[in-house]
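Chemist: Handing over my_file32.csv, CSV, C-alpha atoms and all ligand atoms.
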chain,number,residue,atom,x,y,z
A,27,MET,CA,15.3,24.4,17.5
A,28,SER,CA,14.9,28.0,16.5
A,29,SER,CA,12.6,27.2,13.6
A,30,ASP,CA,10.3,25.3,16.0
A,31,ILE,CA,10.1,28.4,18.2
A,32,ALA,CA,9.5,30.6,15.1
A,33,LYS,CA,6.7,28.3,13.9
A,34,ARG,CA,5.1,28.4,17.3
A,35,ASN,CA,5.3,32.2,17.4
A,36,ALA,CA,3.6,32.4,14.1
A,37,ALA,CA,0.9,29.9,15.1
A,38,GLN,CA,0.3,31.6,18.4
A,39,ALA,CA,-0.1,35.0,16.7
A,40,ALA,CA,-2.7,33.5,14.3
A,41,LEU,CA,-5.0,32.8,17.3
A,42,ASP,CA,-5.6,36.6,17.6
A,43,TYR,CA,-7.5,36.4,14.3
A,44,VAL,CA,-9.9,33.8,15.6
A,45,GLN,CA,-13.2,35.0,16.9
A,46,GLN,CA,-16.1,33.3,18.6
A,47,ASP,CA,-18.4,31.4,16.2
A,48,MET,CA,-16.1,31.7,13.2
A,49,ILE,CA,-15.9,29.1,10.5
A,50,LEU,CA,-12.2,28.2,10.0
A,51,GLY,CA,-10.2,26.4,7.3
A,52,LEU,CA,-7.4,24.4,9.0
A,53,GLY,CA,-4.2,24.0,7.0
A,54,THR,CA,-1.7,21.1,6.9
A,55,GLY,CA,1.9,20.7,7.9
A,56,SER,CA,3.9,21.2,11.1
A,57,THR,CA,3.2,24.9,11.6
A,58,ALA,CA,-0.5,24.4,10.9
A,59,ALA,CA,-0.5,21.5,13.4
A,60,ILE,CA,0.9,23.8,16.1
A,61,PHE,CA,-1.9,26.2,15.3
A,62,VAL,CA,-4.5,23.4,15.5
A,63,THR,CA,-3.1,22.3,18.9
A,64,LEU,CA,-3.2,25.8,20.3
A,65,LEU,CA,-6.8,26.2,18.9
A,66,GLY,CA,-7.7,23.0,20.6
A,67,GLU,CA,-6.6,24.5,24.0
A,68,ARG,CA,-8.9,27.5,23.3
A,69,VAL,CA,-11.8,25.3,22.4
A,70,LYS,CA,-11.3,23.4,25.7
A,71,ALA,CA,-11.4,26.7,27.4
A,72,GLY,CA,-14.8,27.6,25.8
A,73,LEU,CA,-14.1,29.0,22.3
A,74,LYS,CA,-16.8,28.0,19.8
A,75,VAL,CA,-15.6,27.5,16.2
A,76,THR,CA,-16.5,25.3,13.4
A,77,CYS,CA,-13.6,24.0,11.3
A,78,THR,CA,-13.0,22.3,8.0
A,79,PRO,CA,-9.7,20.5,7.4
A,80,THR,CA,-7.4,20.5,4.4
A,81,SER,CA,-6.1,16.9,4.9
A,82,GLU,CA,-6.9,13.6,6.6
A,83,ALA,CA,-4.0,14.3,9.0
A,84,THR,CA,-5.4,17.7,10.1
A,85,ASP,CA,-8.9,16.1,10.4
A,86,ARG,CA,-7.6,13.4,12.7
A,87,LEU,CA,-5.6,15.9,14.9
A,88,ALA,CA,-8.5,18.4,15.2
A,89,ARG,CA,-11.0,15.7,16.1
A,90,ALA,CA,-8.7,14.3,18.7
A,91,LEU,CA,-8.5,17.7,20.3
A,92,GLY,CA,-12.2,18.1,20.5
A,93,ILE,CA,-12.5,20.7,17.7
A,94,THR,CA,-15.8,20.6,15.8
A,95,ILE,CA,-15.1,19.4,12.3
A,96,VAL,CA,-17.5,19.6,9.3
A,97,LEU,CA,-16.8,18.7,5.7
A,98,PRO,CA,-16.6,21.6,3.2
A,99,ASP,CA,-19.8,20.6,1.4
A,100,GLU,CA,-21.8,21.3,4.6
A,101,LEU,CA,-20.6,24.9,4.7
A,102,SER,CA,-21.9,27.9,2.9
A,103,ALA,CA,-18.9,30.1,3.7
A,104,ILE,CA,-15.5,29.9,5.4
A,105,ASP,CA,-14.5,33.1,7.3
A,106,LEU,CA,-10.8,32.4,7.6
A,107,THR,CA,-8.2,29.8,6.7
A,108,ILE,CA,-4.9,29.5,8.6
A,109,ASP,CA,-2.3,27.5,6.7
A,110,GLY,CA,1.4,27.1,6.4
A,111,ALA,CA,3.6,27.6,3.3
A,112,ASP,CA,6.9,26.3,1.9
A,113,GLU,CA,7.8,29.6,0.4
A,114,PHE,CA,6.4,33.1,0.1
A,115,ASP,CA,7.6,36.1,-1.9
A,116,PRO,CA,7.0,39.9,-1.5
A,117,ALA,CA,3.7,39.7,-3.4
A,118,LEU,CA,2.7,36.9,-1.0
A,119,SER,CA,2.6,34.3,-3.8
A,120,LEU,CA,3.3,31.0,-2.3
A,121,ILE,CA,4.7,27.5,-2.9
A,122,LYS,CA,2.7,25.0,-1.0
A,123,GLY,CA,2.4,21.2,-1.1
A,124,GLY,CA,5.4,20.1,0.9
A,125,GLY,CA,2.9,18.1,3.0
A,126,ALA,CA,1.2,16.8,-0.2
A,127,ALA,CA,-2.1,18.5,0.7
A,128,LEU,CA,-2.0,21.3,-1.9
A,129,LEU,CA,-5.3,20.3,-3.7
A,130,ARG,CA,-7.5,20.4,-0.6
A,131,GLU,CA,-5.5,23.4,0.7
A,132,LYS,CA,-6.2,25.4,-2.5
A,133,ILE,CA,-9.9,24.4,-2.6
A,134,ILE,CA,-10.3,25.6,1.0
A,135,ALA,CA,-8.2,28.8,0.5
A,136,GLU,CA,-10.1,29.7,-2.6
A,137,ALA,CA,-13.4,29.4,-0.8
A,138,SER,CA,-12.3,31.4,2.2
A,139,ASP,CA,-13.0,35.1,2.8
A,140,ARG,CA,-9.5,35.4,4.1
A,141,MET,CA,-6.3,33.4,4.1
A,142,VAL,CA,-3.6,34.1,6.8
A,143,VAL,CA,-0.3,32.2,6.3
A,144,ILE,CA,1.8,31.1,9.2
A,145,ALA,CA,5.5,30.5,8.4
A,146,ASP,CA,8.9,30.7,9.9
A,147,ALA,CA,11.3,33.3,8.5
A,148,GLY,CA,13.2,30.7,6.5
A,149,LYS,CA,10.3,30.5,4.1
A,150,GLU,CA,10.7,34.1,2.9
A,151,VAL,CA,12.3,34.4,-0.5
A,152,ALA,CA,12.8,37.2,-3.1
A,153,ARG,CA,11.8,34.8,-5.9
A,154,LEU,CA,9.9,31.5,-5.6
A,155,GLY,CA,11.4,28.3,-6.7
A,156,LYS,CA,14.2,27.2,-4.4
A,157,PHE,CA,11.7,24.8,-2.7
A,158,PRO,CA,10.9,22.1,-5.3
A,159,LEU,CA,7.4,23.0,-6.8
A,160,PRO,CA,4.9,20.2,-6.0
A,161,VAL,CA,2.5,19.3,-8.8
A,162,GLU,CA,-0.3,16.9,-8.1
A,163,VAL,CA,-0.8,14.6,-11.1
A,164,ASN,CA,-3.5,12.1,-12.0
A,165,PRO,CA,-2.0,8.6,-12.0
A,166,PHE,CA,-3.5,7.8,-15.4
A,167,ALA,CA,-0.7,8.4,-18.0
A,168,ALA,CA,1.5,10.0,-15.4
A,169,GLU,CA,4.7,9.8,-17.4
A,170,LEU,CA,3.0,11.3,-20.4
A,171,THR,CA,1.7,14.2,-18.2
A,172,ARG,CA,5.3,14.5,-16.8
A,173,ARG,CA,6.6,15.0,-20.3
A,174,ARG,CA,3.9,17.6,-21.1
A,175,ILE,CA,4.8,19.4,-17.9
A,176,HIS,CA,8.4,19.6,-19.0
A,177,ASP,CA,7.3,21.0,-22.4
A,178,ARG,CA,5.4,23.8,-20.4
A,179,LEU,CA,8.4,24.3,-18.1
A,180,GLU,CA,10.5,25.0,-21.2
A,181,ILE,CA,8.1,27.7,-22.4
A,182,ALA,CA,8.2,29.2,-18.9
A,183,GLY,CA,12.0,29.5,-19.1
A,184,LEU,CA,12.7,26.4,-17.1
A,185,GLY,CA,14.0,24.0,-19.7
A,186,GLY,CA,16.3,21.2,-18.4
A,187,VAL,CA,15.1,21.3,-14.8
A,188,ALA,CA,14.8,18.0,-12.9
A,189,SER,CA,11.7,16.5,-11.5
A,190,SER,CA,11.0,13.4,-9.4
A,191,TRP,CA,7.9,11.5,-8.2
A,192,ARG,CA,7.5,11.9,-4.4
A,193,MET,CA,8.0,8.6,-2.6
A,194,ALA,CA,6.2,7.3,0.4
A,195,THR,CA,8.0,4.9,2.7
A,196,GLY,CA,10.0,2.2,0.9
A,197,GLU,CA,9.7,1.9,-2.9
A,198,ALA,CA,6.1,3.0,-3.1
A,199,LEU,CA,5.1,6.3,-4.8
A,200,LEU,CA,3.4,8.7,-2.4
A,201,ARG,CA,-0.4,9.0,-2.9
A,202,THR,CA,-2.2,12.1,-1.8
A,203,ASP,CA,-5.4,12.0,0.2
A,204,GLY,CA,-7.2,12.1,-3.1
A,205,GLY,CA,-5.1,9.2,-4.6
A,206,HIS,CA,-3.0,11.3,-6.9
A,207,LEU,CA,0.8,11.5,-7.3
A,208,ILE,CA,3.1,14.4,-6.5
A,209,LEU,CA,5.8,15.5,-9.0
A,210,ASP,CA,8.4,17.7,-7.3
A,211,ILE,CA,10.1,20.1,-9.8
A,212,ALA,CA,13.5,21.5,-8.9
A,213,CYS,CA,12.9,24.9,-10.5
A,214,VAL,CA,15.6,26.7,-8.4
A,215,ALA,CA,14.2,30.1,-9.4
A,216,ILE,CA,10.8,30.6,-11.3
A,217,PRO,CA,11.2,33.5,-13.7
A,218,ASP,CA,7.4,34.2,-14.0
A,219,ALA,CA,5.2,32.3,-11.5
A,220,SER,CA,1.9,33.5,-13.0
A,221,LEU,CA,3.0,32.3,-16.5
A,222,LEU,CA,4.0,28.9,-15.1
A,223,ALA,CA,0.8,28.6,-13.1
A,224,SER,CA,-1.4,29.3,-16.2
A,225,LEU,CA,0.6,26.8,-18.3
A,226,LEU,CA,0.2,24.1,-15.7
A,227,ASP,CA,-3.5,24.9,-15.2
A,228,ASP,CA,-4.0,24.2,-18.8
A,229,LEU,CA,-2.8,20.5,-18.7
A,230,PRO,CA,-5.5,17.9,-18.2
A,231,GLY,CA,-3.3,15.4,-16.3
A,232,VAL,CA,-2.3,18.1,-13.8
A,233,VAL,CA,-4.8,17.9,-10.9
A,234,GLU,CA,-3.4,21.0,-9.2
A,235,HIS,CA,0.0,22.7,-8.6
A,236,GLY,CA,1.6,24.3,-5.6
A,237,LEU,CA,1.7,27.9,-6.8
A,238,PHE,CA,-0.8,29.9,-4.8
A,239,ILE,CA,-1.0,33.3,-6.4
A,240,GLY,CA,-3.4,35.9,-5.1
A,241,TYR,CA,-4.6,33.7,-2.2
A,242,ALA,CA,-2.7,35.0,0.9
A,243,ASP,CA,-4.0,38.2,2.5
A,244,GLU,CA,-1.2,38.3,5.1
A,245,VAL,CA,1.7,36.2,6.3
A,246,LEU,CA,2.6,36.0,10.0
A,247,VAL,CA,6.3,35.4,9.9
A,248,GLY,CA,7.5,33.7,13.0
A,249,GLU,CA,11.0,34.6,14.2
A,250,ALA,CA,12.9,33.5,17.3
A,251,GLY,CA,11.8,36.7,19.2
A,252,GLY,CA,8.3,37.2,17.9
A,253,VAL,CA,6.2,37.7,14.8
A,254,ARG,CA,6.4,40.1,11.8
A,255,ARG,CA,3.2,40.8,9.8
A,256,VAL,CA,3.7,41.0,6.0
A,257,PHE,CA,1.1,42.2,3.5
A,258,PRO,CA,1.3,41.9,-0.3
A,259,ALA,CA,3.7,44.4,-1.8
A,260,ALA,CA,1.9,46.8,-4.2
B,1,LIG,C1,1.3,21.1,3.0
B,1,LIG,C2,1.8,22.5,3.0
B,1,LIG,C3,2.4,23.0,4.2
B,1,LIG,O1,1.6,24.1,4.6
B,1,LIG,C4,3.8,23.4,3.9
B,1,LIG,O2,4.5,22.2,3.4
B,1,LIG,C5,4.5,24.0,5.1
B,1,LIG,O3,4.7,22.9,6.1
B,1,LIG,P1,5.5,23.2,7.4
B,1,LIG,O4,4.7,24.1,8.2
B,1,LIG,O5,5.6,21.8,8.0
B,1,LIG,O6,6.8,23.8,7.1
B,1,LIG,O7,1.7,23.1,2.0
B,1,LIG,O8,0.8,20.6,1.8
Turn this file's structure into structure tokens for me.

Modeler:
Amino acid sequence: MSSDIAKRNAAQAALDYVQQDMILGLGTGSTAAIFVTLLGERVKAGLKVTCTPTSEATDRLARALGITIVLPDELSAIDLTIDGADEFDPALSLIKGGGAALLREKIIAEASDRMVVIADAGKEVARLGKFPLPVEVNPFAAELTRRRIHDRLEIAGLGGVASSWRMATGEALLRTDGGHLILDIACVAIPDASLLASLLDDLPGVVEHGLFIGYADEVLVGEAGGVRRVFPAA
């Protein structure tokens, strides 16, 4: 499939950013998994890197490939994080969390000197919001928090949008690696992502949200025939 080739092209290009002895943050999702797999091949060939994962899934994959994994608490710095995204706009604001790893992804991205996003061209949008915005919610009083989120959505010009709890297999609600719930919000188009982010940041029951504003330094946009490098628009 062409998006698989595009993801691979983006992941392959990200390897050029990796240098000997770097400390890397490893993202989550299908594109990040391709990067981790390619990185594993380099490690087998002699590359020395120390990595910290953004999810249990990435942790398992990286360890299985022989990549040295340490937990974030053992690190004093992270040189570079390579991660995927569900959407990016011209300012390189992102929606993330399609793989339910947004909390750990944001913690690691924030602590990194540099974040390079790898994404296929289908993730590029003029305005964020077509991809449902994931919000990680503490299970305590989750329905109350959901109502409070909708109050904030109205202030942000998003009154009347639908939201749904993400499901795992069967009837069970999905739980993140940290034991939280994910509320997916069908915004369609977010009028002011910074405003919405600050309104959600302010709610105690919201553990984290999938708006990553000011995190990405560069996006490697995978296309069928290669890669395009995108930097934040001024
Ligand atoms: C996981 C994420 C992923 O980076 C995002 O969902 C992109 O995934 P994929 O590369 O599979 O399209 O944010 O929480």

Chemist: Please report the interatomic distance between atom CA of A:Glu180 and atom CA of A:Gly148 in Å with one decimal.

Modeler: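 Computing the Euclidean distance for atom CA of A:Glu180 and atom CA of A:Gly148 yields 28.4 Å.
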
Chemist: Name the closest residue to A:Gln38 among the candidates A:Gly248, A:Gly123, A:Pro98, A:Gly51; distances are taken between atoms, counting only C-alpha atoms.

Modeler: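 Using only C-alpha atoms, the shortest distance to A:Gln38 belongs to A:Gly248.
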
Chemist: Kindly provide, as a PyMOL selection string, all nucleotide and amino acid residues lying within 10 Å of ligand LIG 1 (chain B), counting only C-alpha atoms and all ligand atoms.

Modeler: chain A and resi 29-30+33+37+53-61+80-81+108-113+120-132+143-146+148-149+157+160+202+236+238

Chemist: Restricted to C-alpha atoms, what would the selected residues look like written as a PDB file, in the coordinates of the input?

Modeler:
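File produced: part13.pdb:
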ATOM      1  CA  SER A  29      12.600  27.200  13.600  1.00  0.00           C
ATOM      2  CA  ASP A  30      10.300  25.300  16.000  1.00  0.00           C
ATOM      3  CA  LYS A  33       6.700  28.300  13.900  1.00  0.00           C
ATOM      4  CA  ALA A  37       0.900  29.900  15.100  1.00  0.00           C
ATOM      5  CA  GLY A  53      -4.200  24.000   7.000  1.00  0.00           C
ATOM      6  CA  THR A  54      -1.700  21.100   6.900  1.00  0.00           C
ATOM      7  CA  GLY A  55       1.900  20.700   7.900  1.00  0.00           C
ATOM      8  CA  SER A  56       3.900  21.200  11.100  1.00  0.00           C
ATOM      9  CA  THR A  57       3.200  24.900  11.600  1.00  0.00           C
ATOM     10  CA  ALA A  58      -0.500  24.400  10.900  1.00  0.00           C
ATOM     11  CA  ALA A  59      -0.500  21.500  13.400  1.00  0.00           C
ATOM     12  CA  ILE A  60       0.900  23.800  16.100  1.00  0.00           C
ATOM     13  CA  PHE A  61      -1.900  26.200  15.300  1.00  0.00           C
ATOM     14  CA  THR A  80      -7.400  20.500   4.400  1.00  0.00           C
ATOM     15  CA  SER A  81      -6.100  16.900   4.900  1.00  0.00           C
ATOM     16  CA  ILE A 108      -4.900  29.500   8.600  1.00  0.00           C
ATOM     17  CA  ASP A 109      -2.300  27.500   6.700  1.00  0.00           C
ATOM     18  CA  GLY A 110       1.400  27.100   6.400  1.00  0.00           C
ATOM     19  CA  ALA A 111       3.600  27.600   3.300  1.00  0.00           C
ATOM     20  CA  ASP A 112       6.900  26.300   1.900  1.00  0.00           C
ATOM     21  CA  GLU A 113       7.800  29.600   0.400  1.00  0.00           C
ATOM     22  CA  LEU A 120       3.300  31.000  -2.300  1.00  0.00           C
ATOM     23  CA  ILE A 121       4.700  27.500  -2.900  1.00  0.00           C
ATOM     24  CA  LYS A 122       2.700  25.000  -1.000  1.00  0.00           C
ATOM     25  CA  GLY A 123       2.400  21.200  -1.100  1.00  0.00           C
ATOM     26  CA  GLY A 124       5.400  20.100   0.900  1.00  0.00           C
ATOM     27  CA  GLY A 125       2.900  18.100   3.000  1.00  0.00           C
ATOM     28  CA  ALA A 126       1.200  16.800  -0.200  1.00  0.00           C
ATOM     29  CA  ALA A 127      -2.100  18.500   0.700  1.00  0.00           C
ATOM     30  CA  LEU A 128      -2.000  21.300  -1.900  1.00  0.00           C
ATOM     31  CA  LEU A 129      -5.300  20.300  -3.700  1.00  0.00           C
ATOM     32  CA  ARG A 130      -7.500  20.400  -0.600  1.00  0.00           C
ATOM     33  CA  GLU A 131      -5.500  23.400   0.700  1.00  0.00           C
ATOM     34  CA  LYS A 132      -6.200  25.400  -2.500  1.00  0.00           C
ATOM     35  CA  VAL A 143      -0.300  32.200   6.300  1.00  0.00           C
ATOM     36  CA  ILE A 144       1.800  31.100   9.200  1.00  0.00           C
ATOM     37  CA  ALA A 145       5.500  30.500   8.400  1.00  0.00           C
ATOM     38  CA  ASP A 146       8.900  30.700   9.900  1.00  0.00           C
ATOM     39  CA  GLY A 148      13.200  30.700   6.500  1.00  0.00           C
ATOM     40  CA  LYS A 149      10.300  30.500   4.100  1.00  0.00           C
ATOM     41  CA  PHE A 157      11.700  24.800  -2.700  1.00  0.00           C
ATOM     42  CA  PRO A 160       4.900  20.200  -6.000  1.00  0.00           C
ATOM     43  CA  THR A 202      -2.200  12.100  -1.800  1.00  0.00           C
ATOM     44  CA  GLY A 236       1.600  24.300  -5.600  1.00  0.00           C
ATOM     45  CA  PHE A 238      -0.800  29.900  -4.800  1.00  0.00           C
TER      46      PHE A 238
END

Chemist: Grab the atom CA of A:Thr84 to atom CA of A:Ala219 distance for me, in Å with one decimal place.

Modeler: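 Between these atoms lies a distance of 28.1 Å.
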
Chemist: Can you work out which one of A:Gly155, A:Gly196, A:Pro258, A:Gly186 has the shortest atom-to-atom distance to A:Asp243, counting all atoms listed in the file?

Modeler: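 Smallest distance to A:Asp243 is found for A:Pro258.
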
Chemist: Which of these, A:Pro165, A:Pro217, A:Gly185, A:Pro116, has the shortest distance to A:Ala259 once you count only C-alpha atoms?

Modeler: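 For A:Ala259, the nearest of the given residues is A:Pro116.
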
Chemist: Provide the atom CA of A:Gly251 to atom CA of A:Glu67 distance in Å, to one decimal place.

Modeler: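 About the pair atom CA of A:Gly251 and atom CA of A:Glu67: they are 22.6 Å apart.
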
Chemist: Name the residues, using the chain letters and numbers of the file, that sit within 12 Å of (-8.5, 15.9, 19.7) when counting all atoms listed in the file, and give them as an MDAnalysis selection string.

Modeler: chainID A and resid 59 62:67 69:70 83:95

Chemist: Out of A:Ala32, A:Cys213, A:Val233, A:Val247, which residue has the shortest atom-to-atom distance to A:Arg153 when counting all atoms listed in the file?

Modeler: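 Closest to A:Arg153 of all the choices is A:Cys213.
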
Chemist: Nearest to A:Val44: which of A:Thr76, A:Ser224, A:Ser102, A:Ser119 is it, counting only C-alpha atoms?

Modeler: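 Smallest distance to A:Val44 is found for A:Thr76.
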
Chemist: Of the residues A:Ala223, A:Val163, A:Leu229, A:Leu52, which is the one nearest to A:Ile133, using only C-alpha atoms?

Modeler: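 Once distances to A:Ile133 are computed over only C-alpha atoms, the minimum belongs to A:Leu52.
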